[in-house]
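Enquirer: Before anything else, here's the structure in question.
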Amino acid sequence: MAAGLFDVTSEQREIGNLAREIAQREIAPHIAAWDKAHYFPRELYTKLNAAGLMGIVVPERYGGAGADYVSYALAIEELARVDAGTAVTLSVHAMITSAIERLGTGEQKERYLPRLATGDVIAGFGLTEPGAGSDAAALTSTARRDGDAYVLSGRKQWCTNGSYAGVTMGMFRTGASGSKGVSAFLVERDTPGYIVEKVTEKLGIHTSNTCDIVFEGVRVPQDAMLGEEGTGFSMALSALTAGRIGIAAQATGILAACLDASIAFARDREAFGKPIAAFEAISFKIAQMATDLDAARLLVYRAASLCDRGLPFAIEASKAKLFASTAARKHAAEAVQIHGGYGYTTEFPVERYYRDAKITEIYEGTSEIQQLIIGRSLLGRFD
Ligand SMILES: Cc1cc2nc3c(=O)[nH]c(=O)nc-3n(C[C@H](O)[C@H](O)[C@H](O)COP(=O)(O)OP(=O)(O)OC[C@H]3O[C@@H](n4cnc5c(N)ncnc54)[C@H](O)[C@@H]3O)c2cc1C
């Protein structure tokens with residue numbers, strides 16, 4: 001994190017520094033190999049837990065670190081600076097811990113938060129379906145009432161952490177079409193009929209697990225429902241609103257990594273008898289990268305700080321995600337360009353940043369959806 005950029009407390013800074021140290025020690029030496037092998041480092045999350053990162057936003061009474069969202073954003077940024085895949089694994093996990101903490105019953109909190117806070121159990125999120133992405137309210141997976149239970153059927157697509165998630169917050173239709181007919185459930189992986197299928201191969205974030213989950217008559221007790229029947233869609237949106245701070249921080253971390261790598265390479269690489277840093281064309285790219293990095297950080301910290309103070313932050317989270325993800329994608333391409341042919345090879349990490357950056361413009365609401373949310377806040381709705 002850049003000194004003086006934002007009024008970060010020493011406690012918040014410490015958490016960011018801790019994440020940086022762990023990322024440098026536990027991830028950096030392995031990341032090239034993990035990326036190549038599409039390896040999900042399950043054991044890493046035990047180490048992140050030792051530093052309190054798995055339960056970063058979980059209150060201390062449930063065994064978490066009880067940190068705020070500014071600290072969380074700093075930690076995600078530092079992890080993403082080394083590996084964007086690890087950052088999204090933690091971000092989705094934290095999004096669910098936070099949703100359970102805010103929306104769950106006392107019994108649900110006692111049941112899940114201590115195990116999620118230690119990372120013994122990893123959490124997942126299942127909203128998207130083959131026919132319902134941005135238009136998530138079009139989901140067709142169903143939860144049918146059967147006595148004192150619900151029976152879940154359908155397919156959830158591209159669930160981050162899916163293969164490893166001991167508990168998933170899944171949205172299912174309990175009523176009529178549209179957003180009002182959706183309810184949220186906490187579904188445990190070991191329930192009969194819960195099938196992890198089709199681990200998805202991706203352009204980037206190779207250390208992150210993405211898969212489909214098929215629900216074939218999964219029977220869950222009534223108290224697996226999160227909140228009231230028919231409120232599942234708004235719960236999913238509320239989880240995603242906070243989640244966007246994490247994805248914006250992830251994009252910011254990728255951007256920071258692009259800047260670090262570009263500065264080092266520009267100073268080292270010579271052409272026409274001088275370091276390429278001496279060429280204005282190169283230094284201007286790096287200047288713009290640094291400026292956009294500061295802007296991304298400020299937008300992320302503002303959204304996180306509003307969230308911490310209990311103030312509305314949805315529009316600010318959308319702006320942070322929109323800006324940081326666009327900047328990460330754009331400057332990752334510039335980082336490759338600055339590296340020339342080397343940038344296109346796996347000898348340098350910028351080709352990975354380039355592949356990893358793109359997804360930040362897509363998941364947890366595409367850039368177009370963020371623009372739609374921001375536009376509506378300014379202009380109102382016309383539907
Ligand atoms: C690696 C990965 C991990 C993911 N993890 C999860 C997860 O853990 N849980 C989960 O539930 N989902 C997850 N997703 C799904 C992700 O959130 C969706 O892919 C995303 O919301 C977009 O939906 P879609 O892919 O169906 O695109 P579509 O909704 O089909 O959109 C296609 C294009 O149309 C545009 N578009 C759509 N509607 C509008 C509109 N109204 N105005 C303007 N443009 C519009 C979109 O912006 C996009 O450019 C993941 C996806 C990936 C690739």
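In the structure tokens, the first chain shown is A, the next is B, and so on; residue numbers restart at 1 for each chain, and ligands run from 1 in the order shown.
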Quick one: everything within 7 Å of Lys321 of chain A, counting only C-alpha atoms, minus sequence neighbours fewer than 2 positions away in the same chain. Send it as an MDAnalysis selection string.

Expert: chainID A and resid 244:245 247:248 317:319 323:325

Enquirer: Enumerate as a list of chain:residue names the residues within 6 Å of ligand 1, counting only C-alpha atoms and all ligand atoms.

Expert: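 Final answer, ordered by chain and number: A:Phe125, A:Gly126, A:Leu127, A:Thr128, A:Ala132, A:Gly133, A:Ser134, A:Asp135, A:Trp158, A:Cys159, A:Thr160, A:Thr210, A:Ile362, A:Tyr363, A:Glu364, A:Gly365, A:Thr366, A:Glu368, A:Ile369.
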
Enquirer: Please dump the current selection as a CSV table (one decimal), in the first residue's frame; keep N, CA and C atoms.

Expert:
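Generated output (selection31.csv):
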```csv
chain,number,residue,atom,x,y,z
A,125,PHE,N,-20.0,-19.9,-3.5
A,125,PHE,CA,-21.2,-19.1,-3.8
A,125,PHE,C,-21.8,-19.6,-5.1
A,126,GLY,N,-23.1,-20.0,-5.1
A,126,GLY,CA,-23.7,-20.5,-6.3
A,126,GLY,C,-24.9,-19.7,-6.7
A,127,LEU,N,-24.7,-18.8,-7.6
A,127,LEU,CA,-25.9,-18.0,-8.1
A,127,LEU,C,-26.0,-18.3,-9.6
A,128,THR,N,-24.9,-18.2,-10.4
A,128,THR,CA,-24.9,-18.3,-11.8
A,128,THR,C,-25.4,-19.7,-12.3
A,132,ALA,N,-28.5,-18.2,-16.7
A,132,ALA,CA,-28.7,-17.0,-15.9
A,132,ALA,C,-27.4,-16.5,-15.3
A,133,GLY,N,-26.8,-15.5,-15.9
A,133,GLY,CA,-25.6,-14.9,-15.4
A,133,GLY,C,-25.9,-13.5,-14.9
A,134,SER,N,-25.7,-12.5,-15.8
A,134,SER,CA,-26.0,-11.1,-15.4
A,134,SER,C,-27.5,-11.0,-15.0
A,135,ASP,N,-28.3,-11.7,-15.7
A,135,ASP,CA,-29.7,-11.7,-15.4
A,135,ASP,C,-30.0,-12.9,-14.4
A,158,TRP,N,-19.9,-22.4,-12.7
A,158,TRP,CA,-18.7,-21.6,-12.5
A,158,TRP,C,-18.6,-21.2,-11.0
A,159,CYS,N,-18.8,-22.1,-10.1
A,159,CYS,CA,-18.7,-21.8,-8.7
A,159,CYS,C,-17.2,-21.7,-8.3
A,160,THR,N,-16.8,-20.6,-7.9
A,160,THR,CA,-15.4,-20.4,-7.3
A,160,THR,C,-15.3,-21.2,-6.1
A,210,THR,N,-12.7,-23.5,-10.2
A,210,THR,CA,-14.0,-23.1,-10.7
A,210,THR,C,-14.7,-24.4,-11.2
A,362,ILE,N,-15.3,-9.4,-15.4
A,362,ILE,CA,-16.4,-10.2,-15.7
A,362,ILE,C,-17.2,-10.7,-14.5
A,363,TYR,N,-16.5,-11.3,-13.5
A,363,TYR,CA,-17.3,-11.9,-12.4
A,363,TYR,C,-17.7,-10.9,-11.3
A,364,GLU,N,-18.6,-11.4,-10.5
A,364,GLU,CA,-19.3,-10.5,-9.5
A,364,GLU,C,-19.9,-9.2,-10.1
A,365,GLY,N,-20.4,-9.4,-11.3
A,365,GLY,CA,-21.0,-8.3,-12.1
A,365,GLY,C,-20.1,-7.8,-13.1
A,366,THR,N,-20.4,-7.9,-14.4
A,366,THR,CA,-19.5,-7.4,-15.5
A,366,THR,C,-19.4,-5.9,-15.4
A,368,GLU,N,-20.3,-3.9,-17.6
A,368,GLU,CA,-21.5,-3.3,-18.1
A,368,GLU,C,-22.6,-3.3,-17.0
A,369,ILE,N,-22.6,-4.3,-16.2
A,369,ILE,CA,-23.5,-4.3,-15.0
A,369,ILE,C,-23.2,-3.2,-14.0
```

Enquirer: Ranking A:Ile22, A:Leu186, A:Ala138, A:Leu293 by minimum distance to Asp223 of chain A and counting only C-alpha atoms, which one comes first?

Expert: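 For Asp223 of chain A, the nearest of the given residues is A:Leu186.
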
Enquirer: Looking at A:Asn17, A:Ile338, A:Thr252, A:Gly154, which one is nearest to Phe279 of chain A, with distances taken over only C-alpha atoms?

Expert: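 When distances to Phe279 of chain A are compared using only C-alpha atoms, the smallest one comes from A:Ile338.
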
Enquirer: Out of A:Tyr344, A:Tyr164, A:Phe185, A:Tyr301, which residue has the shortest atom-to-atom distance to Gln12 of chain A when counting only C-alpha atoms?

Expert: A:Tyr301

Enquirer: I'd like the contact shell of Thr140 of chain A - 10 Å cut-off, only C-alpha atoms, skipping same-chain residues fewer than 2 positions apart - returned as a list in words.

Expert: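 Skipping anything fewer than 2 positions along the chain leaves Glu129, Pro130, Gly131, Ala132, Ala136, Ala137, Ala138, Thr142, Ala143, Ser153, Gly154, Arg155, Lys156, Met171, Phe172, Arg173, Thr174, Ser177, Gly178 and Val182 of chain A.
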
Enquirer: Kindly save the residues from that selection, with C-alpha atoms included, as a PDB file, in the first residue's frame.

Expert:
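To be explicit, this is the file written out as out.pdb:
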```pdb
ATOM      1  CA  GLU A 129     -26.521 -20.979 -13.985  1.00  0.00           C
ATOM      2  CA  PRO A 130     -26.024 -21.919 -17.650  1.00  0.00           C
ATOM      3  CA  GLY A 131     -28.980 -19.697 -18.606  1.00  0.00           C
ATOM      4  CA  ALA A 132     -28.686 -17.041 -15.889  1.00  0.00           C
ATOM      5  CA  ALA A 136     -29.411 -13.885 -12.295  1.00  0.00           C
ATOM      6  CA  ALA A 137     -33.102 -13.542 -11.422  1.00  0.00           C
ATOM      7  CA  ALA A 138     -33.789 -15.837 -14.393  1.00  0.00           C
ATOM      8  CA  THR A 142     -35.541 -25.149  -7.612  1.00  0.00           C
ATOM      9  CA  ALA A 143     -36.033 -25.758  -3.900  1.00  0.00           C
ATOM     10  CA  SER A 153     -32.507 -29.498  -7.989  1.00  0.00           C
ATOM     11  CA  GLY A 154     -30.591 -27.809 -10.802  1.00  0.00           C
ATOM     12  CA  ARG A 155     -27.111 -26.771 -11.904  1.00  0.00           C
ATOM     13  CA  LYS A 156     -24.932 -23.950 -10.615  1.00  0.00           C
ATOM     14  CA  MET A 171     -29.820 -19.485  -4.625  1.00  0.00           C
ATOM     15  CA  PHE A 172     -32.864 -21.563  -5.637  1.00  0.00           C
ATOM     16  CA  ARG A 173     -36.363 -20.855  -6.818  1.00  0.00           C
ATOM     17  CA  THR A 174     -38.996 -21.435  -4.145  1.00  0.00           C
ATOM     18  CA  SER A 177     -40.494 -16.364 -11.672  1.00  0.00           C
ATOM     19  CA  GLY A 178     -38.438 -13.236 -11.014  1.00  0.00           C
ATOM     20  CA  VAL A 182     -35.719 -16.887  -4.957  1.00  0.00           C
TER      21      VAL A 182
END
```

Enquirer: Compile the contact shell of Thr9 of chain A as number ranges by chain: residues with an atom at most 10 Å away, counting only C-alpha atoms, same-chain residues fewer than 4 positions apart removed.

Expert: A: 13-14, 70-71

Enquirer: Take the residues from that selection and put them in a file with N, CA and C atoms, as a PDB file, in the first residue's frame.

Expert:
```pdb
ATOM      1  N   ARG A  13      -2.680  -1.414   8.460  1.00  0.00           N
ATOM      2  CA  ARG A  13      -1.420  -1.545   7.719  1.00  0.00           C
ATOM      3  C   ARG A  13      -0.714  -2.869   8.065  1.00  0.00           C
ATOM      4  N   GLU A  14      -0.786  -3.225   9.355  1.00  0.00           N
ATOM      5  CA  GLU A  14      -0.150  -4.465   9.820  1.00  0.00           C
ATOM      6  C   GLU A  14      -0.747  -5.688   9.112  1.00  0.00           C
ATOM      7  N   VAL A  70     -11.434  -2.326   5.299  1.00  0.00           N
ATOM      8  CA  VAL A  70     -10.214  -1.675   4.785  1.00  0.00           C
ATOM      9  C   VAL A  70      -9.049  -2.655   4.921  1.00  0.00           C
ATOM     10  N   SER A  71      -8.938  -3.300   6.089  1.00  0.00           N
ATOM     11  CA  SER A  71      -7.879  -4.295   6.306  1.00  0.00           C
ATOM     12  C   SER A  71      -8.014  -5.434   5.302  1.00  0.00           C
TER      13      SER A  71
END
```

Enquirer: Looking only at alpha helix (DSSP H) from DSSP on the backbone, list the matching residues of segment 81-234 of chain A as a ChimeraX atom specification.

Expert: /A:81-82,84-103,106-118,232-234

Enquirer: Please report, as a PyMOL selection string, each residue of segment 70-253 of chain A to which DSSP assigns strand (DSSP E) when run on this structure's backbone.

Expert: chain A and resi 122-126+142-146+149-160+165-173+182-188+194-199+210-221+225-226

Enquirer: Give me a file of those residues, with C-alpha atoms, as an mmCIF file, in the first residue's frame.

Expert:
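So selection-v4.cif came out as:
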```
data_model
loop_
_atom_site.group_PDB
_atom_site.id
_atom_site.type_symbol
_atom_site.label_atom_id
_atom_site.label_comp_id
_atom_site.auth_asym_id
_atom_site.auth_seq_id
_atom_site.Cartn_x
_atom_site.Cartn_y
_atom_site.Cartn_z
ATOM 1 C CA ILE A 122 -13.902 -23.249 2.649
ATOM 2 C CA ALA A 123 -17.052 -21.488 1.418
ATOM 3 C CA GLY A 124 -18.498 -21.102 -2.077
ATOM 4 C CA PHE A 125 -21.221 -19.101 -3.799
ATOM 5 C CA GLY A 126 -23.710 -20.499 -6.313
ATOM 6 C CA THR A 142 -35.541 -25.149 -7.612
ATOM 7 C CA ALA A 143 -36.033 -25.758 -3.900
ATOM 8 C CA ARG A 144 -39.229 -27.752 -3.411
ATOM 9 C CA ARG A 145 -40.769 -27.911 0.053
ATOM 10 C CA ASP A 146 -41.183 -31.489 1.290
ATOM 11 C CA ALA A 149 -37.168 -30.126 4.381
ATOM 12 C CA TYR A 150 -36.403 -28.591 0.990
ATOM 13 C CA VAL A 151 -35.288 -30.613 -2.022
ATOM 14 C CA LEU A 152 -32.804 -28.796 -4.270
ATOM 15 C CA SER A 153 -32.507 -29.498 -7.989
ATOM 16 C CA GLY A 154 -30.591 -27.809 -10.802
ATOM 17 C CA ARG A 155 -27.111 -26.771 -11.904
ATOM 18 C CA LYS A 156 -24.932 -23.950 -10.615
ATOM 19 C CA GLN A 157 -22.218 -22.910 -13.031
ATOM 20 C CA TRP A 158 -18.667 -21.624 -12.457
ATOM 21 C CA CYS A 159 -18.695 -21.812 -8.676
ATOM 22 C CA THR A 160 -15.427 -20.404 -7.346
ATOM 23 C CA ALA A 165 -16.258 -25.736 -0.650
ATOM 24 C CA GLY A 166 -17.641 -27.517 2.417
ATOM 25 C CA VAL A 167 -20.553 -25.116 2.406
ATOM 26 C CA THR A 168 -22.045 -23.148 -0.467
ATOM 27 C CA MET A 169 -24.511 -20.290 -0.358
ATOM 28 C CA GLY A 170 -26.823 -21.292 -3.206
ATOM 29 C CA MET A 171 -29.820 -19.485 -4.625
ATOM 30 C CA PHE A 172 -32.864 -21.563 -5.637
ATOM 31 C CA ARG A 173 -36.363 -20.855 -6.818
ATOM 32 C CA VAL A 182 -35.719 -16.887 -4.957
ATOM 33 C CA SER A 183 -34.458 -18.162 -1.590
ATOM 34 C CA ALA A 184 -30.902 -18.663 -0.334
ATOM 35 C CA PHE A 185 -29.656 -21.884 1.279
ATOM 36 C CA LEU A 186 -26.458 -22.973 3.004
ATOM 37 C CA VAL A 187 -25.744 -26.330 1.417
ATOM 38 C CA GLU A 188 -23.133 -28.771 2.684
ATOM 39 C CA TYR A 194 -24.617 -32.857 -4.360
ATOM 40 C CA ILE A 195 -22.339 -33.485 -7.324
ATOM 41 C CA VAL A 196 -19.219 -31.500 -8.168
ATOM 42 C CA GLU A 197 -18.826 -31.603 -11.909
ATOM 43 C CA LYS A 198 -16.782 -30.215 -14.725
ATOM 44 C CA VAL A 199 -13.835 -28.331 -13.238
ATOM 45 C CA THR A 210 -14.028 -23.100 -10.710
ATOM 46 C CA CYS A 211 -16.596 -25.841 -11.272
ATOM 47 C CA ASP A 212 -20.236 -26.662 -11.808
ATOM 48 C CA ILE A 213 -22.309 -28.107 -8.992
ATOM 49 C CA VAL A 214 -25.251 -30.295 -9.902
ATOM 50 C CA PHE A 215 -28.020 -30.683 -7.342
ATOM 51 C CA GLU A 216 -29.877 -33.948 -7.849
ATOM 52 C CA GLY A 217 -32.639 -33.919 -5.284
ATOM 53 C CA VAL A 218 -30.418 -32.607 -2.477
ATOM 54 C CA ARG A 219 -32.458 -32.739 0.722
ATOM 55 C CA VAL A 220 -31.667 -29.985 3.203
ATOM 56 C CA PRO A 221 -33.417 -29.154 6.480
ATOM 57 C CA MET A 225 -32.414 -21.459 4.519
ATOM 58 C CA LEU A 226 -30.550 -18.177 4.924
#
```

Enquirer: Need to verify the contact set: Ile15 of chain A, 8 Å, only C-alpha atoms, exclusion of same-chain residues closer than 3 positions in sequence. Can you return it as a list in words?

Expert: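 Skipping anything fewer than 3 positions along the chain leaves Glu11, Gln12, Leu18, Ala19, Ser71, Tyr72, Leu74 and Ala75 of chain A.
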
Enquirer: Write out, as a tab-separated table (two decimals), in the first residue's frame, the residues just selected, with C-alpha atoms.

Expert:
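Dumped to out02.tsv:
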```tsv
chain	number	residue	atom	x	y	z
A	11	GLU	CA	-3.53	-2.02	12.70
A	12	GLN	CA	-4.89	-2.04	9.14
A	18	LEU	CA	1.21	-9.64	7.08
A	19	ALA	CA	-0.57	-10.67	3.86
A	71	SER	CA	-7.88	-4.29	6.31
A	72	TYR	CA	-9.53	-6.96	4.17
A	74	LEU	CA	-5.35	-4.35	1.89
A	75	ALA	CA	-4.88	-8.09	2.45
```

Enquirer: Give me, as an MDAnalysis selection string, all polymer residues having an atom no more than 9 Å from segment 80-90 of chain A, counting only C-alpha atoms and skipping those fewer than 6 positions away in the same chain.

Expert: chainID A and resid 20 23:24 27:28 31 35 40:41 44:45 53:54 122:124 160:161 204:209 246:247 249:258 353 356:357

Enquirer: Write the residues of the selection above to a file with C-alpha atoms, as an mmCIF file, in the first residue's frame.

Expert:
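Saved file result-v2.cif follows:
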```cif
data_model
loop_
_atom_site.group_PDB
_atom_site.id
_atom_site.type_symbol
_atom_site.label_atom_id
_atom_site.label_comp_id
_atom_site.auth_asym_id
_atom_site.auth_seq_id
_atom_site.Cartn_x
_atom_site.Cartn_y
_atom_site.Cartn_z
ATOM 1 C CA ARG A 20 2.375 -9.356 1.858
ATOM 2 C CA ALA A 23 2.358 -14.053 -0.120
ATOM 3 C CA GLN A 24 6.092 -13.520 -0.586
ATOM 4 C CA ILE A 27 3.132 -18.204 -2.727
ATOM 5 C CA ALA A 28 5.804 -16.321 -4.704
ATOM 6 C CA ILE A 31 3.303 -19.460 -8.296
ATOM 7 C CA ASP A 35 -0.134 -21.526 -12.529
ATOM 8 C CA PHE A 40 -5.291 -25.363 -6.283
ATOM 9 C CA PRO A 41 -3.018 -25.087 -3.222
ATOM 10 C CA LEU A 44 -1.945 -22.809 1.555
ATOM 11 C CA TYR A 45 -5.221 -21.940 3.240
ATOM 12 C CA LEU A 53 -6.701 -14.374 7.077
ATOM 13 C CA MET A 54 -9.383 -17.039 6.500
ATOM 14 C CA ILE A 122 -13.902 -23.249 2.649
ATOM 15 C CA ALA A 123 -17.052 -21.488 1.418
ATOM 16 C CA GLY A 124 -18.498 -21.102 -2.077
ATOM 17 C CA THR A 160 -15.427 -20.404 -7.346
ATOM 18 C CA ASN A 161 -13.969 -22.818 -4.738
ATOM 19 C CA GLY A 204 -6.178 -17.208 -16.033
ATOM 20 C CA ILE A 205 -6.440 -17.387 -12.229
ATOM 21 C CA HIS A 206 -5.277 -20.991 -12.538
ATOM 22 C CA THR A 207 -4.787 -21.471 -8.799
ATOM 23 C CA SER A 208 -8.467 -20.728 -8.268
ATOM 24 C CA ASN A 209 -10.962 -23.583 -8.509
ATOM 25 C CA GLY A 246 -12.717 -7.802 -2.785
ATOM 26 C CA ILE A 247 -12.649 -8.072 -6.587
ATOM 27 C CA ALA A 249 -8.887 -5.002 -4.445
ATOM 28 C CA GLN A 250 -7.861 -8.073 -6.438
ATOM 29 C CA ALA A 251 -7.689 -5.969 -9.631
ATOM 30 C CA THR A 252 -5.718 -3.327 -7.737
ATOM 31 C CA GLY A 253 -3.201 -5.962 -6.626
ATOM 32 C CA ILE A 254 -2.729 -7.155 -10.225
ATOM 33 C CA LEU A 255 -2.212 -3.533 -11.262
ATOM 34 C CA ALA A 256 0.382 -3.047 -8.503
ATOM 35 C CA ALA A 257 2.209 -6.166 -9.690
ATOM 36 C CA CYS A 258 2.213 -4.804 -13.261
ATOM 37 C CA TYR A 353 -1.049 -10.772 -14.995
ATOM 38 C CA ASP A 356 -5.511 -12.943 -14.746
ATOM 39 C CA ALA A 357 -6.650 -9.327 -15.121
#
```

Enquirer: Under the rule that only C-alpha atoms are counted, which of A:Ala328, A:Ala333, A:Leu48, A:Ala242 is the nearest residue to Ile315 of chain A?

Expert: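 Between A:Ala328, A:Ala333, A:Leu48, A:Ala242, the residue approaching Ile315 of chain A most closely is A:Ala242.
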